[in-house]
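Q: Structure below; questions to follow.
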Amino acid sequence: MRFEVTARDTAGVKRTFSREAETRDGLMLQLRAEKLLVLNVKEIVEVRELPPLWHPSWLKPVTGFDIEMGLRQLASMLRSGVTLLKSLATVQEQAFSPRAKRTWMRVKNRVLQGGSFSETLSEQPKRFGEIIVRLAEVGEKSGELEQAVSRAADQMEARRNLRTAVVNALMYPAIAVLMAVGVSAYLVVAVIPKVAEFLQAGGAELPPITRMLMDFSAWVNVNGLTVLAGTGAAIAAWCAIRLHEGGRELEDVFLLKVPVTGRILRLSGTALFARSMEIMTASGVPLLDALATGRWLMSNRRFRHRVAAAHDGVMRGQSLAESLAAAVEFMPMLQRMTAVGEVSGSLPESFGETARFHEMLLAIAIKRFGMLIEPVMIVITGGIVGFVYIAFFMALFAIAGTN
């Protein structure tokens, strides 16, 4: 059996460590022989072993949802009075995948060795973001770790919901465009050449619309590989530009200026920043630290630079509202509500109201975008197919007229 021991040594220093023993009484005798003043002894819950490395379950990566669910479970157990080590052991045992189990096992083992919870999380930055570490640090200092962990999970959920909403809004038009391109390519490359052979065999003079369609099909069949190579080169150049910080920011600025999708991205960026700031400031994270952390939550480079500039402005003595005045990419309500919150001393509440309002606007904008893009894609796809059919039937009428 393995136990967690809290004891004081002869110098009066409080120590927490783990020790194996056959029984609890045998461990107590051993500790007293070492002249330790035992304060607490708890049995450590043993967790099932991880599957072997060759097992297919190791292929499943650790997702943000895995971490979010682990944090929620941890907060619930801490709130119910379960110790941190037992809570971590339970979260590890109940994790969905071996990689997630190993992540929580590392956290548990480091805490067992005497490390603080926030320091332990910071050792795995790919799994636990800076905002989670900050909230855990504040929770440890204030003695409200369960509340801090719960807010960290809330922040992850808010970010996940926003990302899912934006991706869903942009996914449908992307799929619709790909389908339209695929149908058009199939018609031009496979169908129209066969139809052209049939029509030319009729010997009649074809209408201009049919000749135009046949000429375009012939051009695509001759130059199709060149077009594909050029498209591939353009995509490769675009990916290379995105790897550079300046190029990525130019792309992000361009996306924010696109008429419909730009507004959706502005709403999502504003809602994400306001929600994150609400959670951090309500948890006791200092404003400068919250801005420094919130900067890295913004995937859009222009938003990220605006938050960094606001952080620098606050450091120079400006109010946050004044520092956000130049951030025109955020929705105007953010700056005005921030000013009200600073004057009234209710900054977290102002951030929360701003986040809720823009999350509502984002949901409405996404719904309208879906309603708008669907008929547009139907018209485009139908127009392409209809053009081909009209050209084909006009040619048939021309052939029939000559017979």
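Here, A, B, ... name the chains of the structure tokens in the order displayed, residue numbers run from 1 inside each chain, and ligands are numbered from 1 in the same displayed order.
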Excluding same-chain residues fewer than 4 positions from region 3-13 of chain A, what lies within 9 Å of it counting only C-alpha atoms, as a PyMOL selection string?

A: chain A and resi 17-21+24+27+31+34-45+85+112

Q: Convert the current residue selection to file output with N, CA and C atoms, as a PDB file, in the first residue's frame.

A:
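After the write, result14.pdb holds the following:
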```pdb
ATOM      1  N   PHE A  17       5.146  13.828   1.716  1.00  0.00           N
ATOM      2  CA  PHE A  17       5.820  12.868   0.848  1.00  0.00           C
ATOM      3  C   PHE A  17       4.994  11.582   0.820  1.00  0.00           C
ATOM      4  N   SER A  18       5.393  10.661  -0.049  1.00  0.00           N
ATOM      5  CA  SER A  18       4.704   9.373  -0.150  1.00  0.00           C
ATOM      6  C   SER A  18       5.619   8.272   0.371  1.00  0.00           C
ATOM      7  N   ARG A  19       4.996   7.218   0.905  1.00  0.00           N
ATOM      8  CA  ARG A  19       5.772   6.114   1.488  1.00  0.00           C
ATOM      9  C   ARG A  19       4.959   4.821   1.331  1.00  0.00           C
ATOM     10  N   GLU A  20       5.639   3.756   1.024  1.00  0.00           N
ATOM     11  CA  GLU A  20       4.983   2.452   0.913  1.00  0.00           C
ATOM     12  C   GLU A  20       5.118   1.697   2.229  1.00  0.00           C
ATOM     13  N   ALA A  21       4.058   0.973   2.592  1.00  0.00           N
ATOM     14  CA  ALA A  21       4.061   0.172   3.819  1.00  0.00           C
ATOM     15  C   ALA A  21       2.952  -0.871   3.710  1.00  0.00           C
ATOM     16  N   ARG A  24      -1.102   0.692   7.799  1.00  0.00           N
ATOM     17  CA  ARG A  24      -1.038   2.062   8.292  1.00  0.00           C
ATOM     18  C   ARG A  24      -0.310   2.110   9.631  1.00  0.00           C
ATOM     19  N   LEU A  27       3.391   1.816   9.210  1.00  0.00           N
ATOM     20  CA  LEU A  27       3.982   3.063   8.718  1.00  0.00           C
ATOM     21  C   LEU A  27       4.136   4.065   9.851  1.00  0.00           C
ATOM     22  N   LEU A  31       7.596   5.920  11.026  1.00  0.00           N
ATOM     23  CA  LEU A  31       7.768   7.377  11.019  1.00  0.00           C
ATOM     24  C   LEU A  31       8.202   7.878  12.403  1.00  0.00           C
ATOM     25  N   GLU A  34      11.747   7.466  12.964  1.00  0.00           N
ATOM     26  CA  GLU A  34      12.542   8.479  12.273  1.00  0.00           C
ATOM     27  C   GLU A  34      12.415   9.854  12.923  1.00  0.00           C
ATOM     28  N   LYS A  35      11.758   9.897  14.089  1.00  0.00           N
ATOM     29  CA  LYS A  35      11.577  11.131  14.861  1.00  0.00           C
ATOM     30  C   LYS A  35      10.813  12.187  14.079  1.00  0.00           C
ATOM     31  N   LEU A  36       9.787  11.736  13.409  1.00  0.00           N
ATOM     32  CA  LEU A  36       8.922  12.647  12.680  1.00  0.00           C
ATOM     33  C   LEU A  36       7.596  12.787  13.418  1.00  0.00           C
ATOM     34  N   LEU A  37       7.093  14.040  13.478  1.00  0.00           N
ATOM     35  CA  LEU A  37       5.799  14.302  14.079  1.00  0.00           C
ATOM     36  C   LEU A  37       4.741  14.191  12.980  1.00  0.00           C
ATOM     37  N   VAL A  38       3.987  13.098  13.026  1.00  0.00           N
ATOM     38  CA  VAL A  38       3.029  12.821  11.956  1.00  0.00           C
ATOM     39  C   VAL A  38       1.793  13.703  12.135  1.00  0.00           C
ATOM     40  N   LEU A  39       1.456  14.462  11.085  1.00  0.00           N
ATOM     41  CA  LEU A  39       0.277  15.311  11.096  1.00  0.00           C
ATOM     42  C   LEU A  39      -0.907  14.658  10.392  1.00  0.00           C
ATOM     43  N   ASN A  40      -0.609  13.910   9.336  1.00  0.00           N
ATOM     44  CA  ASN A  40      -1.699  13.287   8.587  1.00  0.00           C
ATOM     45  C   ASN A  40      -1.141  12.146   7.748  1.00  0.00           C
ATOM     46  N   VAL A  41      -1.902  11.085   7.626  1.00  0.00           N
ATOM     47  CA  VAL A  41      -1.537   9.948   6.779  1.00  0.00           C
ATOM     48  C   VAL A  41      -2.779   9.541   6.001  1.00  0.00           C
ATOM     49  N   LYS A  42      -2.670   9.519   4.670  1.00  0.00           N
ATOM     50  CA  LYS A  42      -3.793   9.144   3.818  1.00  0.00           C
ATOM     51  C   LYS A  42      -3.337   8.110   2.803  1.00  0.00           C
ATOM     52  N   GLU A  43      -4.179   7.129   2.596  1.00  0.00           N
ATOM     53  CA  GLU A  43      -3.871   6.130   1.593  1.00  0.00           C
ATOM     54  C   GLU A  43      -4.057   6.725   0.199  1.00  0.00           C
ATOM     55  N   ILE A  44      -3.114   6.441  -0.670  1.00  0.00           N
ATOM     56  CA  ILE A  44      -3.174   6.926  -2.048  1.00  0.00           C
ATOM     57  C   ILE A  44      -3.924   5.907  -2.882  1.00  0.00           C
ATOM     58  N   VAL A  45      -4.916   6.400  -3.613  1.00  0.00           N
ATOM     59  CA  VAL A  45      -5.711   5.516  -4.463  1.00  0.00           C
ATOM     60  C   VAL A  45      -4.867   5.112  -5.673  1.00  0.00           C
ATOM     61  N   LEU A  85      -4.819  15.354  -4.221  1.00  0.00           N
ATOM     62  CA  LEU A  85      -4.165  14.164  -4.750  1.00  0.00           C
ATOM     63  C   LEU A  85      -5.181  13.086  -5.124  1.00  0.00           C
ATOM     64  N   LEU A 112       2.544  15.202  -5.893  1.00  0.00           N
ATOM     65  CA  LEU A 112       2.939  14.259  -4.857  1.00  0.00           C
ATOM     66  C   LEU A 112       4.379  14.487  -4.413  1.00  0.00           C
TER      67      LEU A 112
END
```

Q: Would you mind listing, for every residue of region 302-355 of chain A within 12 Å of region 245-264 of chain A, the two atoms forming the shortest contact and the distance between them in Å to one decimal, using only C-alpha atoms, sorted by chain and ascending residue number, as a Markdown table?

A:
```
| residue | atom | partner | partner_atom | distance |
| --- | --- | --- | --- | --- |
| A:Arg302 | CA | A:Glu249 | CA | 6.0 |
| A:Phe303 | CA | A:Asp252 | CA | 8.8 |
| A:Arg304 | CA | A:Glu249 | CA | 9.6 |
| A:His305 | CA | A:Glu249 | CA | 9.3 |
| A:Arg306 | CA | A:Glu249 | CA | 11.7 |
| A:Val328 | CA | A:Leu256 | CA | 10.9 |
| A:Glu329 | CA | A:Leu256 | CA | 7.6 |
| A:Phe330 | CA | A:Arg263 | CA | 10.0 |
| A:Met331 | CA | A:Arg263 | CA | 9.2 |
```

Q: What is the distance, in Å and to one decimal place, between CA of Lys101 (chain A) and CA of Ser299 (chain A)?

A: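 Computing the Euclidean distance for CA of Lys101 (chain A) and CA of Ser299 (chain A) yields 28.0 Å.
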
Q: Residues of region 156-248 of chain A that approach region 276-290 of chain A to 10 Å or less, counting only C-alpha atoms: could you list each one with the shortest pair of atoms and its distance in Å to one decimal, rows by chain and increasing residue number, as a Markdown table?

A:
```
| residue | atom | partner | partner_atom | distance |
| --- | --- | --- | --- | --- |
| A:Met156 | CA | A:Ser276 | CA | 9.2 |
| A:Ala158 | CA | A:Ser276 | CA | 8.4 |
| A:Arg159 | CA | A:Ser276 | CA | 8.5 |
```

Q: Give me, please, the distance in Å between CA of Phe392 (chain A) and CA of Ile175 (chain A), quoted to one decimal.

A: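 Distance reported for this atom pair: 27.7 Å.
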
Q: For region 59-72 of chain A, list every protein, DNA or RNA residue within 8 Å, evaluated using only C-alpha atoms, and leave out those in the same chain fewer than 4 positions away; present the list as a list in words.

A: Ser76, Val91, Ala95, Phe96, Ser97, Arg99, Ala100, Arg127, Phe128, Val149, Ser150, Ala152, Ala153, Met156 and Glu157 of chain A

Q: Using CA of Leu267 (chain A) and CA of Leu362 (chain A) as the two end points, give the distance in Å to one decimal.

A: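 Computed distance, CA of Leu267 (chain A) to CA of Leu362 (chain A), equals 5.8 Å.
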
Q: Could you tell me which of A:Arg368, A:Met77, A:Leu135, A:Ala309 comes closest to Ser323 (chain A) if we count only C-alpha atoms?

A: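 Nearest candidate to Ser323 (chain A) out of A:Arg368, A:Met77, A:Leu135, A:Ala309: A:Ala309.
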
Q: From region 223-321 of chain A, collect each residue whose DSSP state is helix (DSSP H, G or I) and return the set as a count of residues only.

A: 84

Q: With only C-alpha atoms as the basis for distance, which of A:Ser116, A:Arg2, A:Thr103, A:Phe369 is at the shortest distance from Thr23 (chain A)?

A: A:Arg2

Q: What lies within 12 Å of Ala185 (chain A) using only C-alpha atoms, ignoring chain neighbours under 3 positions off, as a PDB file with C-alpha atoms, in the first residue's frame?

A:
```
ATOM      1  CA  LEU A 178     -16.004  22.608 -53.355  1.00  0.00           C
ATOM      2  CA  MET A 179     -19.105  20.732 -54.526  1.00  0.00           C
ATOM      3  CA  ALA A 180     -19.827  23.360 -57.177  1.00  0.00           C
ATOM      4  CA  VAL A 181     -16.226  23.234 -58.386  1.00  0.00           C
ATOM      5  CA  GLY A 182     -16.299  19.433 -58.415  1.00  0.00           C
ATOM      6  CA  VAL A 188     -16.091  20.144 -68.310  1.00  0.00           C
ATOM      7  CA  VAL A 189     -13.556  17.296 -68.262  1.00  0.00           C
ATOM      8  CA  ALA A 190     -15.696  14.154 -68.628  1.00  0.00           C
ATOM      9  CA  VAL A 191     -19.174  14.967 -69.931  1.00  0.00           C
ATOM     10  CA  ILE A 192     -18.806  17.847 -72.380  1.00  0.00           C
ATOM     11  CA  PRO A 193     -16.035  16.237 -74.547  1.00  0.00           C
ATOM     12  CA  PHE A 216     -13.773  26.109 -72.914  1.00  0.00           C
ATOM     13  CA  SER A 217     -13.883  22.357 -72.300  1.00  0.00           C
ATOM     14  CA  VAL A 220      -9.392  22.952 -69.841  1.00  0.00           C
ATOM     15  CA  ASN A 221      -8.473  19.483 -71.117  1.00  0.00           C
ATOM     16  CA  GLY A 224      -5.784  21.503 -66.990  1.00  0.00           C
ATOM     17  CA  LEU A 228      -3.594  22.644 -61.324  1.00  0.00           C
ATOM     18  CA  THR A 381     -24.449  25.494 -58.845  1.00  0.00           C
ATOM     19  CA  ILE A 384     -23.486  26.130 -63.993  1.00  0.00           C
ATOM     20  CA  VAL A 385     -25.498  22.981 -64.605  1.00  0.00           C
ATOM     21  CA  VAL A 388     -24.478  23.223 -69.761  1.00  0.00           C
TER      22      VAL A 388
END
```
